[in-house]
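Structure file upload17.csv (CSV, C-alpha atoms and all ligand atoms) is printed below.
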```csv
chain,number,residue,atom,x,y,z
X,1,MET,CA,-36.8,25.1,-13.4
X,2,GLU,CA,-35.9,28.7,-13.9
X,3,ILE,CA,-38.3,31.5,-13.0
X,4,GLU,CA,-38.4,34.4,-15.3
X,5,GLY,CA,-36.6,37.5,-13.9
X,6,HIS,CA,-35.3,35.5,-11.0
X,7,GLU,CA,-31.6,34.9,-10.8
X,8,PRO,CA,-31.0,31.5,-9.1
X,9,ALA,CA,-28.6,31.8,-6.2
X,10,LEU,CA,-26.3,29.2,-7.6
X,11,SER,CA,-26.2,29.8,-11.3
X,12,ALA,CA,-23.5,28.1,-13.3
X,13,TRP,CA,-21.6,31.3,-13.4
X,14,ASN,CA,-21.9,31.8,-9.6
X,15,ILE,CA,-20.6,28.3,-9.0
X,16,ASP,CA,-17.5,29.2,-11.2
X,17,VAL,CA,-16.9,32.4,-9.3
X,18,LEU,CA,-17.2,30.7,-6.0
X,19,GLU,CA,-14.8,27.9,-7.1
X,20,GLY,CA,-12.3,30.5,-8.2
X,21,LYS,CA,-12.5,32.3,-4.9
X,22,ARG,CA,-12.0,29.0,-3.0
X,23,ILE,CA,-8.9,28.2,-5.1
X,24,GLU,CA,-7.4,31.6,-4.6
X,25,GLU,CA,-8.0,31.5,-0.9
X,26,LEU,CA,-6.3,28.1,-0.6
X,27,ARG,CA,-3.5,29.4,-2.8
X,28,VAL,CA,-2.9,32.3,-0.5
X,29,ALA,CA,-3.2,30.2,2.6
X,30,SER,CA,-0.7,27.5,1.4
X,31,GLN,CA,2.4,29.5,0.6
X,32,GLN,CA,4.4,27.7,3.3
X,33,PRO,CA,4.9,23.9,3.6
X,34,ILE,CA,3.3,22.2,6.5
X,35,ALA,CA,5.8,20.6,8.9
X,36,ASP,CA,6.1,16.8,8.4
X,37,PRO,CA,4.7,14.7,11.3
X,38,ASP,CA,8.0,12.8,11.6
X,39,ASN,CA,8.9,13.1,15.3
X,40,TRP,CA,8.5,9.3,15.7
X,41,LEU,CA,11.8,8.9,13.7
X,42,GLY,CA,14.6,8.2,16.1
X,43,ALA,CA,12.6,9.4,19.1
X,44,GLU,CA,12.7,7.2,22.1
X,45,LEU,CA,9.5,5.4,22.7
X,46,ARG,CA,8.2,6.8,26.0
X,47,ARG,CA,5.1,4.8,26.8
X,48,ASN,CA,3.0,3.9,29.7
X,49,ILE,CA,4.0,0.4,30.7
X,50,LEU,CA,0.4,-0.6,31.1
X,51,LEU,CA,-0.5,0.4,27.6
X,52,THR,CA,2.4,-1.3,25.7
X,53,THR,CA,0.7,-4.7,25.3
X,54,VAL,CA,-2.6,-3.1,24.2
X,55,ASP,CA,-0.7,-0.7,21.9
X,56,TYR,CA,1.1,-3.6,20.4
X,57,ALA,CA,-2.1,-5.5,19.7
X,58,VAL,CA,-3.9,-2.4,18.3
X,59,ASN,CA,-1.0,-1.3,16.2
X,60,TRP,CA,-0.4,-4.8,14.9
X,61,ALA,CA,-4.0,-5.0,13.8
X,62,ARG,CA,-4.0,-1.4,12.3
X,63,SER,CA,-0.8,-1.8,10.4
X,64,ARG,CA,-1.8,-5.2,8.9
X,65,SER,CA,-5.1,-4.0,7.6
X,66,ILE,CA,-4.6,-0.6,6.0
X,67,PHE,CA,-7.4,0.6,3.7
X,68,PRO,CA,-5.9,2.8,1.0
X,69,LEU,CA,-8.0,5.4,-0.8
X,70,MET,CA,-8.4,5.0,-4.6
X,71,PHE,CA,-7.0,8.2,-5.7
X,72,GLY,CA,-4.9,8.9,-8.8
X,73,LEU,CA,-4.1,12.3,-10.2
X,74,ALA,CA,-1.6,11.7,-13.0
X,75,CYS,CA,0.8,9.2,-14.5
X,76,CYS,CA,2.0,7.9,-11.1
X,77,ALA,CA,-1.4,6.4,-10.5
X,78,PHE,CA,-0.5,3.6,-13.0
X,79,GLU,CA,2.4,2.5,-10.8
X,80,MET,CA,0.0,2.5,-7.9
X,81,ILE,CA,-2.4,0.4,-9.9
X,82,ALA,CA,0.4,-1.9,-10.8
X,83,THR,CA,1.3,-2.2,-7.1
X,84,ALA,CA,-2.2,-3.3,-6.4
X,85,ALA,CA,-2.4,-5.8,-9.2
X,86,SER,CA,-1.3,-9.4,-9.2
X,87,ARG,CA,2.4,-9.0,-9.9
X,88,PHE,CA,3.3,-6.9,-6.9
X,89,ASP,CA,0.2,-7.9,-5.0
X,90,ILE,CA,-0.5,-5.4,-2.3
X,91,ALA,CA,-2.8,-7.9,-0.6
X,92,ARG,CA,0.2,-9.4,1.0
X,93,PHE,CA,0.2,-6.4,3.3
X,94,GLY,CA,-3.5,-6.7,4.1
X,95,MET,CA,-4.4,-4.0,1.6
X,96,ASP,CA,-6.7,-6.0,-0.6
X,97,ILE,CA,-9.3,-3.3,-1.4
X,98,PHE,CA,-8.8,0.3,-2.5
X,99,ARG,CA,-11.7,2.1,-1.0
X,100,TRP,CA,-13.7,4.6,-3.1
X,101,SER,CA,-15.0,6.5,-0.2
X,102,PRO,CA,-12.6,8.6,2.0
X,103,ARG,CA,-14.8,7.7,5.0
X,104,GLN,CA,-13.7,4.1,4.8
X,105,ALA,CA,-10.0,4.7,4.1
X,106,ASP,CA,-7.1,5.4,6.4
X,107,LEU,CA,-4.2,5.8,3.9
X,108,MET,CA,-4.2,8.4,1.2
X,109,ILE,CA,-1.7,7.7,-1.6
X,110,VAL,CA,-1.5,10.9,-3.6
X,111,ALA,CA,-0.1,9.7,-6.9
X,112,GLY,CA,0.5,12.4,-9.4
X,113,THR,CA,0.5,16.1,-10.2
X,114,ILE,CA,-1.7,18.3,-8.0
X,115,THR,CA,-3.1,21.3,-9.8
X,116,TRP,CA,-4.5,24.3,-8.0
X,117,LYS,CA,-7.8,23.5,-9.5
X,118,MET,CA,-7.7,20.0,-7.9
X,119,ALA,CA,-6.2,21.1,-4.6
X,120,PRO,CA,-9.4,22.0,-2.8
X,121,ALA,CA,-10.8,18.6,-3.6
X,122,VAL,CA,-7.6,16.9,-2.3
X,123,LYS,CA,-7.8,18.8,0.9
X,124,LEU,CA,-11.5,18.1,1.3
X,125,ILE,CA,-10.9,14.3,0.8
X,126,TYR,CA,-8.1,14.4,3.4
X,127,GLU,CA,-10.4,16.1,5.8
X,128,GLN,CA,-13.2,13.6,5.2
X,129,MET,CA,-11.0,10.7,6.2
X,130,ALA,CA,-11.6,9.5,9.7
X,131,GLU,CA,-8.7,9.4,12.2
X,132,PRO,CA,-6.3,7.7,12.4
X,133,LYS,CA,-5.1,8.5,8.9
X,134,TRP,CA,-1.8,8.6,7.0
X,135,VAL,CA,-0.6,10.2,3.8
X,136,ILE,CA,2.0,9.1,1.2
X,137,ALA,CA,3.2,11.6,-1.4
X,138,MET,CA,4.1,9.5,-4.3
X,139,GLY,CA,6.4,10.7,-7.1
X,140,ALA,CA,8.3,13.9,-7.8
X,141,CYS,CA,5.1,15.9,-8.6
X,142,ALA,CA,3.4,15.2,-5.3
X,143,ILE,CA,6.6,15.8,-3.3
X,144,SER,CA,7.6,19.1,-4.8
X,145,GLY,CA,5.7,19.8,-8.0
X,146,GLY,CA,8.4,18.0,-9.9
X,147,THR,CA,9.0,19.2,-13.5
X,148,PHE,CA,6.0,21.5,-13.2
X,149,ARG,CA,7.2,23.2,-10.0
X,150,GLU,CA,7.4,26.6,-11.6
X,151,SER,CA,4.2,26.3,-13.4
X,152,TYR,CA,1.2,28.6,-13.0
X,153,SER,CA,-1.2,25.9,-12.3
X,154,VAL,CA,0.6,23.2,-10.2
X,155,VAL,CA,0.9,23.0,-6.4
X,156,PRO,CA,4.6,22.9,-5.5
X,157,GLY,CA,4.3,20.0,-3.2
X,158,LEU,CA,1.6,18.1,-1.4
X,159,ASN,CA,2.8,19.3,2.0
X,160,ARG,CA,1.5,22.8,1.2
X,161,ILE,CA,-2.0,21.5,1.6
X,162,VAL,CA,-1.9,18.4,3.9
X,163,PRO,CA,0.7,17.0,6.3
X,164,VAL,CA,2.7,14.2,4.7
X,165,ASP,CA,4.0,11.1,6.5
X,166,VAL,CA,6.1,9.4,3.8
X,167,TYR,CA,7.6,10.7,0.6
X,168,VAL,CA,8.3,8.1,-2.2
X,169,PRO,CA,10.6,9.7,-4.7
X,170,GLY,CA,10.8,8.8,-8.4
X,171,CYS,CA,9.2,9.8,-11.7
X,172,PRO,CA,7.3,7.5,-11.4
X,173,PRO,CA,8.5,5.4,-8.4
X,174,ARG,CA,8.5,1.7,-9.2
X,175,PRO,CA,6.0,-0.4,-7.3
X,176,GLU,CA,8.8,-1.7,-5.1
X,177,GLY,CA,9.4,1.9,-4.1
X,178,LEU,CA,5.8,2.4,-3.1
X,179,ILE,CA,5.8,-0.9,-1.2
X,180,HIS,CA,8.8,0.4,0.7
X,181,GLY,CA,6.8,3.5,1.5
X,182,ILE,CA,4.0,1.4,2.8
X,183,ARG,CA,6.4,-0.6,5.0
X,184,LEU,CA,7.6,2.7,6.4
X,185,ILE,CA,3.9,3.6,7.2
X,186,HIS,CA,3.7,0.2,9.0
X,187,ARG,CA,6.7,1.1,11.1
X,188,LYS,CA,5.2,4.5,11.9
X,189,ILE,CA,2.0,2.9,13.0
X,190,MET,CA,3.9,0.4,15.2
X,191,SER,CA,5.6,3.3,17.0
X,192,GLU,CA,2.3,5.0,17.9
X,193,SER,CA,0.4,4.7,21.1
X,194,ILE,CA,-3.4,4.8,21.4
X,195,GLY,CA,-2.9,6.9,24.5
X,196,LYS,CA,-1.5,9.8,22.5
X,197,ARG,CA,-3.2,9.7,19.2
D,1,MET,CA,-5.6,7.8,-42.9
D,2,THR,CA,-7.3,10.7,-44.6
D,3,VAL,CA,-6.2,12.1,-47.9
D,4,SER,CA,-5.0,15.7,-47.3
D,5,LEU,CA,-6.3,17.9,-50.1
D,6,ASP,CA,-4.1,20.0,-52.2
D,7,CYS,CA,-4.4,23.5,-50.6
D,8,GLU,CA,-3.6,25.3,-53.9
D,9,GLN,CA,-6.5,23.8,-55.6
D,10,VAL,CA,-8.9,24.2,-52.7
D,11,ALA,CA,-7.8,27.8,-52.4
D,12,LYS,CA,-8.4,28.4,-56.1
D,13,ARG,CA,-11.9,26.9,-55.7
D,14,LEU,CA,-12.6,29.1,-52.7
D,15,SER,CA,-11.4,32.2,-54.5
D,16,GLN,CA,-13.9,31.4,-57.3
D,17,GLU,CA,-16.8,30.7,-55.0
D,18,LEU,CA,-16.1,33.3,-52.3
D,19,PRO,CA,-13.9,35.9,-53.9
D,20,GLY,CA,-11.5,37.7,-51.5
D,21,SER,CA,-11.8,35.1,-48.7
D,22,VAL,CA,-8.3,33.6,-49.1
D,23,VAL,CA,-5.3,35.6,-47.8
D,24,THR,CA,-2.6,33.2,-48.8
D,25,VAL,CA,-1.7,29.6,-49.1
D,26,GLU,CA,1.0,28.2,-46.9
D,27,LYS,CA,2.3,24.8,-47.8
D,28,PRO,CA,0.0,22.6,-45.7
D,29,ALA,CA,-2.7,25.2,-44.9
D,30,ILE,CA,-5.0,27.9,-46.3
D,31,VAL,CA,-5.0,31.3,-44.5
D,32,ILE,CA,-8.5,32.8,-44.6
D,33,ARG,CA,-9.6,36.4,-44.0
D,34,THR,CA,-10.9,36.5,-40.5
D,35,GLU,CA,-14.2,38.2,-41.2
D,36,ARG,CA,-14.9,35.7,-44.0
D,37,LEU,CA,-14.2,32.6,-41.8
D,38,ARG,CA,-17.8,31.6,-41.2
D,39,GLU,CA,-18.7,31.9,-44.8
D,40,VAL,CA,-15.8,29.6,-45.8
D,41,ALA,CA,-16.6,27.2,-43.0
D,42,GLU,CA,-20.3,26.9,-44.1
D,43,PHE,CA,-19.2,26.5,-47.7
D,44,LEU,CA,-16.7,23.7,-46.9
D,45,ARG,CA,-19.2,22.0,-44.6
D,46,GLY,CA,-22.2,22.2,-47.0
D,47,ASN,CA,-20.7,21.8,-50.5
D,48,PRO,CA,-21.1,18.1,-51.6
D,49,ASP,CA,-17.6,18.2,-53.1
D,50,PHE,CA,-16.0,18.7,-49.7
D,51,GLU,CA,-18.5,17.9,-46.9
D,52,PHE,CA,-16.0,18.7,-44.1
D,53,ASN,CA,-18.4,17.5,-41.4
D,54,TYR,CA,-15.9,16.9,-38.6
D,55,LEU,CA,-13.7,19.4,-36.8
D,56,ALA,CA,-10.8,17.2,-35.6
D,57,ASN,CA,-8.9,19.9,-33.8
D,58,LEU,CA,-8.9,23.6,-33.1
D,59,THR,CA,-5.8,25.3,-31.6
D,60,ALA,CA,-4.0,28.6,-31.7
D,61,VAL,CA,-0.4,29.8,-32.0
D,62,ASP,CA,1.2,33.0,-30.8
D,63,TYR,CA,3.7,34.5,-33.3
D,64,LEU,CA,4.1,37.7,-31.2
D,65,ASP,CA,3.2,39.8,-34.3
D,66,TYR,CA,-0.1,38.1,-34.5
D,67,PHE,CA,-2.2,35.1,-33.3
D,68,GLU,CA,-3.1,32.3,-35.6
D,69,VAL,CA,-6.1,30.1,-35.0
D,70,VAL,CA,-5.8,26.7,-36.7
D,71,TYR,CA,-8.7,24.5,-37.8
D,72,HIS,CA,-8.1,20.8,-38.7
D,73,LEU,CA,-11.0,19.6,-40.8
D,74,VAL,CA,-11.9,16.1,-41.8
D,75,SER,CA,-14.5,14.9,-44.2
D,76,LEU,CA,-15.9,11.6,-43.1
D,77,THR,CA,-17.8,11.2,-46.3
D,78,HIS,CA,-14.8,11.6,-48.7
D,79,ASN,CA,-12.0,10.9,-46.3
D,80,TYR,CA,-10.4,14.2,-46.9
D,81,SER,CA,-8.5,16.5,-44.5
D,82,LEU,CA,-7.7,20.2,-44.7
D,83,VAL,CA,-6.1,22.8,-42.5
D,84,LEU,CA,-7.5,26.3,-42.3
D,85,LYS,CA,-5.9,29.3,-40.5
D,86,VAL,CA,-7.1,32.7,-39.5
D,87,ARG,CA,-4.9,35.5,-38.3
D,88,CYS,CA,-5.6,38.2,-35.7
D,89,TYR,CA,-3.3,41.2,-35.2
D,90,ASP,CA,-4.9,42.7,-32.1
D,91,ARG,CA,-3.1,41.8,-28.9
D,92,VAL,CA,-5.4,43.5,-26.5
D,93,LYS,CA,-8.6,41.9,-27.5
D,94,PRO,CA,-8.1,39.5,-30.4
D,95,THR,CA,-11.4,38.4,-31.8
D,96,VAL,CA,-12.3,35.6,-34.1
D,97,PRO,CA,-15.8,34.5,-35.2
D,98,SER,CA,-17.0,31.4,-33.4
D,99,VAL,CA,-17.8,28.3,-35.4
D,100,VAL,CA,-19.7,26.4,-32.7
D,101,ASP,CA,-23.0,26.3,-34.6
D,102,ILE,CA,-21.2,24.9,-37.6
D,103,TRP,CA,-19.1,22.3,-35.8
D,104,ARG,CA,-20.3,21.4,-32.3
D,105,ALA,CA,-16.8,20.1,-31.5
D,106,ALA,CA,-15.5,23.7,-31.5
D,107,ASP,CA,-17.3,24.4,-28.2
D,108,PHE,CA,-14.7,23.2,-25.6
D,109,GLN,CA,-11.8,23.8,-27.9
D,110,GLU,CA,-12.7,27.5,-28.3
D,111,ARG,CA,-13.1,27.7,-24.6
D,112,GLU,CA,-9.6,26.2,-24.1
D,113,VAL,CA,-8.1,28.6,-26.6
D,114,TYR,CA,-9.9,31.5,-24.9
D,115,ASP,CA,-8.6,30.3,-21.5
D,116,LEU,CA,-4.9,29.8,-22.4
D,117,MET,CA,-4.5,32.3,-25.3
D,118,GLY,CA,-7.1,35.0,-24.5
D,119,ILE,CA,-8.6,34.9,-28.0
D,120,VAL,CA,-12.3,35.9,-27.8
D,121,PHE,CA,-14.6,33.9,-30.0
D,122,ASP,CA,-17.4,36.1,-31.1
D,123,GLY,CA,-20.8,34.4,-30.9
D,124,HIS,CA,-19.7,31.5,-28.6
D,125,PRO,CA,-22.7,30.6,-26.4
D,126,ASN,CA,-20.7,30.0,-23.2
D,127,LEU,CA,-17.3,31.6,-23.4
D,128,LYS,CA,-15.6,31.1,-20.0
D,129,ARG,CA,-12.4,29.6,-18.7
D,130,LEU,CA,-12.2,25.8,-19.1
D,131,LEU,CA,-8.9,24.5,-17.6
D,132,LEU,CA,-8.0,27.3,-15.2
D,133,TRP,CA,-10.3,28.7,-12.6
D,134,GLU,CA,-12.4,31.9,-12.6
D,135,GLY,CA,-10.3,34.8,-11.3
D,136,PHE,CA,-7.0,33.6,-12.8
D,137,VAL,CA,-5.1,36.6,-14.2
D,138,GLY,CA,-3.6,36.4,-17.6
D,139,HIS,CA,-3.4,33.8,-20.4
D,140,PRO,CA,-0.5,31.5,-19.8
D,141,LEU,CA,0.2,30.2,-23.3
D,142,ARG,CA,0.9,33.7,-24.7
D,143,LYS,CA,4.5,34.2,-25.4
D,144,ASP,CA,4.6,37.3,-23.3
D,145,TYR,CA,3.1,35.7,-20.2
D,146,LEU,CA,5.5,36.5,-17.3
O,201,LIG,S1,6.2,12.3,-10.8
O,201,LIG,FE1,6.5,11.8,-12.9
O,201,LIG,S2,5.2,9.9,-13.2
O,201,LIG,FE2,4.6,10.9,-11.3
O,201,LIG,S3,2.9,12.2,-11.8
O,201,LIG,FE3,4.7,13.4,-11.9
O,201,LIG,S4,5.4,13.4,-14.0
O,201,LIG,FE4,3.9,11.7,-13.7
```
As structure tokens, please, write out the structure in this file.
Ligand code: SF4
Amino acid sequence: MEIEGHEPALSAWNIDVLEGKRIEELRVASQQPIADPDNWLGAELRRNILLTTVDYAVNWARSRSIFPLMFGLACCAFEMIATAASRFDIARFGMDIFRWSPRQADLMIVAGTITWKMAPAVKLIYEQMAEPKWVIAMGACAISGGTFRESYSVVPGLNRIVPVDVYVPGCPPRPEGLIHGIRLIHRKIMSESIGKR
Amino acid sequence: MTVSLDCEQVAKRLSQELPGSVVTVEKPAIVIRTERLREVAEFLRGNPDFEFNYLANLTAVDYLDYFEVVYHLVSLTHNYSLVLKVRCYDRVKPTVPSVVDIWRAADFQEREVYDLMGIVFDGHPNLKRLLLWEGFVGHPLRKDYL
């Protein structure tokens, strides 16, 4: 209900202006790519002897039951859907259900072009996911902006706004490519230690 | 498919009914005088010979000398289609009358054209950016953007 002569604090216009401000702030803050969390590659596994067996059990359980987030931004999403459907059958890797809520997911597959208007939502969803969490950038657009890199409205790479664990190249990558990416995430999980994370 | 009307004949009819409203006839389209657009739109929508009750598409083109706003009309009653255009020579604040109250479909499409081309639709109830965010500088589909 609107009261005569009383401007509501969040009128439709104010919401637009606030959104514009948030997007501009994020744009200014994300001019540089975030470093990839890839120090597990080739690094020697220095672990507490006592923890190794526990680690192994925990990592085995974690990597065999990843819950991906249902999250498609553009054309790449269809290859992700194909990966989940019967022919490529992602359930073989313990990923039966794509979760709709970021609170229940631990793998974010960003499939598609990220526009600046969508970027705050992507970042918010990433922040809403509980630790431990992993991110796959799927397709040329999510990796670097792809064909739209120079565009006025597209984020030139997902790593400007969130840290990325695995990049899956292609336009779009085939489901086999995405499965390869998921297997790399498994390897990364197996190299982690509960003592450190 | 719809039957596209012969623009020459429609233009002749328009000149009879609303003298001076037609600028010229291009092969597939009729160019209308900008300030007479609403009159022509109301006539084409209301006249039982045409009954263009559906605006299928509204877009704009930048020809550097002028902007052209394009209206694709369809008559669901007679299965006709017709293309109207209006031109606008001002680059600083190009203004075209809004047709939202004649065809509701124009609402979002006029906002999109305003967002990307910077054409102001006079009389639009909620003219603000649609695809880009508030605070974006410039209108990216203009030929002279960047
Ligand atoms: S990488 Fe190619 S397929 Fe994937 S979202 Fe971009 S354009 Fe579409």
Do you have, as a Markdown table, the list of residues of chain X lying at most 8 Å from chain D, each with its nearest atom pair and that distance in Å to one decimal, counting all atoms listed in the file and ordered by chain then number?
```
| residue | atom | partner | partner_atom | distance |
| --- | --- | --- | --- | --- |
| X:Asp16 | CA | D:Glu134 | CA | 5.9 |
| X:Val17 | CA | D:Glu134 | CA | 5.6 |
| X:Glu19 | CA | D:Trp133 | CA | 7.2 |
| X:Gly20 | CA | D:Glu134 | CA | 4.6 |
| X:Lys21 | CA | D:Gly135 | CA | 7.2 |
| X:Ile23 | CA | D:Trp133 | CA | 7.6 |
| X:Glu24 | CA | D:Gly135 | CA | 8.0 |
| X:Lys117 | CA | D:Trp133 | CA | 6.5 |
| X:Tyr152 | CA | D:Pro140 | CA | 7.6 |
| X:Ser153 | CA | D:Leu132 | CA | 7.5 |
```
**OP:** Go through the chains and note each residue within 8 Å of ligand LIG 201 (chain O), using only C-alpha atoms and all ligand atoms, then give the set as a ChimeraX atom specification.
**Re:** /X:73-77,111-113,138-142,145-147,169-173
Subject >> Separation of CA of Gly123 (chain D) from CA of Leu14 (chain D), in Å and rounded to one decimal >> reply: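 So the answer is 23.9 Å.
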Subject >> Nearest residue to Arg45 (chain D) from the set D:Val137, D:Leu82, D:Val70, D:Leu58 (distances using only C-alpha atoms) >> reply: D:Leu82
**OP:** Would you mind listing what lies within 8 Å of Pro97 (chain D) as an MDAnalysis selection string, with all atoms listed in the file counted and same-chain residues fewer than 4 positions away left out?
**Re:** chainID D and resid 34:35 37:38 121:123
Skip Ile34 (chain X) itself and residues of its chain fewer than 2 positions away, then list as a short mmCIF file (atom, residue, chain, number, x, y, z; two decimals) with C-alpha atoms, in the coordinates of the input all residues within 6 Å of it, counting all atoms listed in the file.
```
data_model
loop_
_atom_site.label_atom_id
_atom_site.label_comp_id
_atom_site.auth_asym_id
_atom_site.auth_seq_id
_atom_site.Cartn_x
_atom_site.Cartn_y
_atom_site.Cartn_z
CA ASN X 159 2.80 19.30 2.00
CA ARG X 160 1.50 22.80 1.20
CA PRO X 163 0.70 17.00 6.30
#
```
Original post:
What does the distance between CA of Ala60 (chain D) and CA of Val113 (chain D) come to in Å, to one decimal place?
Top reply: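 Computed distance, CA of Ala60 (chain D) to CA of Val113 (chain D), equals 6.5 Å.
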Original post:
Of the candidates X:Ala91, X:Ile114, X:Val168, X:Met190, which shows the shortest atom-to-atom distance to Trp60 (chain X), using only C-alpha atoms?
Top reply: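 Closest to Trp60 (chain X) of all the choices is X:Met190.
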Subject >> Contacts of Phe67 (chain D) at 12 Å (all atoms listed in the file; same-chain gap of 2+ positions) as JSON, numbers by chain >> reply: {"D": [34, 59, 60, 61, 62, 63, 64, 65, 69, 70, 85, 86, 87, 88, 89, 90, 91, 92, 93, 94, 95, 96, 113, 114, 117, 118, 119, 120, 141, 142, 143]}
**OP:** Determine, counting all atoms listed in the file, every residue of protein, DNA or RNA that lies within 12 Å of (-7.1, 4.1, -4.1) in the file coordinates, then give the result as a PyMOL selection string.
**Re:** chain X and resi 66-73+77-84+90+95-102+104-111+125+135-136
Residue selection dump (C-alpha atoms) as a CSV table (one decimal), in the frame of the given file:
```
chain,number,residue,atom,x,y,z
X,66,ILE,CA,-4.6,-0.6,6.0
X,67,PHE,CA,-7.4,0.6,3.7
X,68,PRO,CA,-5.9,2.8,1.0
X,69,LEU,CA,-8.0,5.4,-0.8
X,70,MET,CA,-8.4,5.0,-4.6
X,71,PHE,CA,-7.0,8.2,-5.7
X,72,GLY,CA,-4.9,8.9,-8.8
X,73,LEU,CA,-4.1,12.3,-10.2
X,77,ALA,CA,-1.4,6.4,-10.5
X,78,PHE,CA,-0.5,3.6,-13.0
X,79,GLU,CA,2.4,2.5,-10.8
X,80,MET,CA,0.0,2.5,-7.9
X,81,ILE,CA,-2.4,0.4,-9.9
X,82,ALA,CA,0.4,-1.9,-10.8
X,83,THR,CA,1.3,-2.2,-7.1
X,84,ALA,CA,-2.2,-3.3,-6.4
X,90,ILE,CA,-0.5,-5.4,-2.3
X,95,MET,CA,-4.4,-4.0,1.6
X,96,ASP,CA,-6.7,-6.0,-0.6
X,97,ILE,CA,-9.3,-3.3,-1.4
X,98,PHE,CA,-8.8,0.3,-2.5
X,99,ARG,CA,-11.7,2.1,-1.0
X,100,TRP,CA,-13.7,4.6,-3.1
X,101,SER,CA,-15.0,6.5,-0.2
X,102,PRO,CA,-12.6,8.6,2.0
X,104,GLN,CA,-13.7,4.1,4.8
X,105,ALA,CA,-10.0,4.7,4.1
X,106,ASP,CA,-7.1,5.4,6.4
X,107,LEU,CA,-4.2,5.8,3.9
X,108,MET,CA,-4.2,8.4,1.2
X,109,ILE,CA,-1.7,7.7,-1.6
X,110,VAL,CA,-1.5,10.9,-3.6
X,111,ALA,CA,-0.1,9.7,-6.9
X,125,ILE,CA,-10.9,14.3,0.8
X,135,VAL,CA,-0.6,10.2,3.8
X,136,ILE,CA,2.0,9.1,1.2
```
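The gap separating CA of Pro132 (chain X) from CA of Val58 (chain X) is 11.9 Å, in Å to one decimal.
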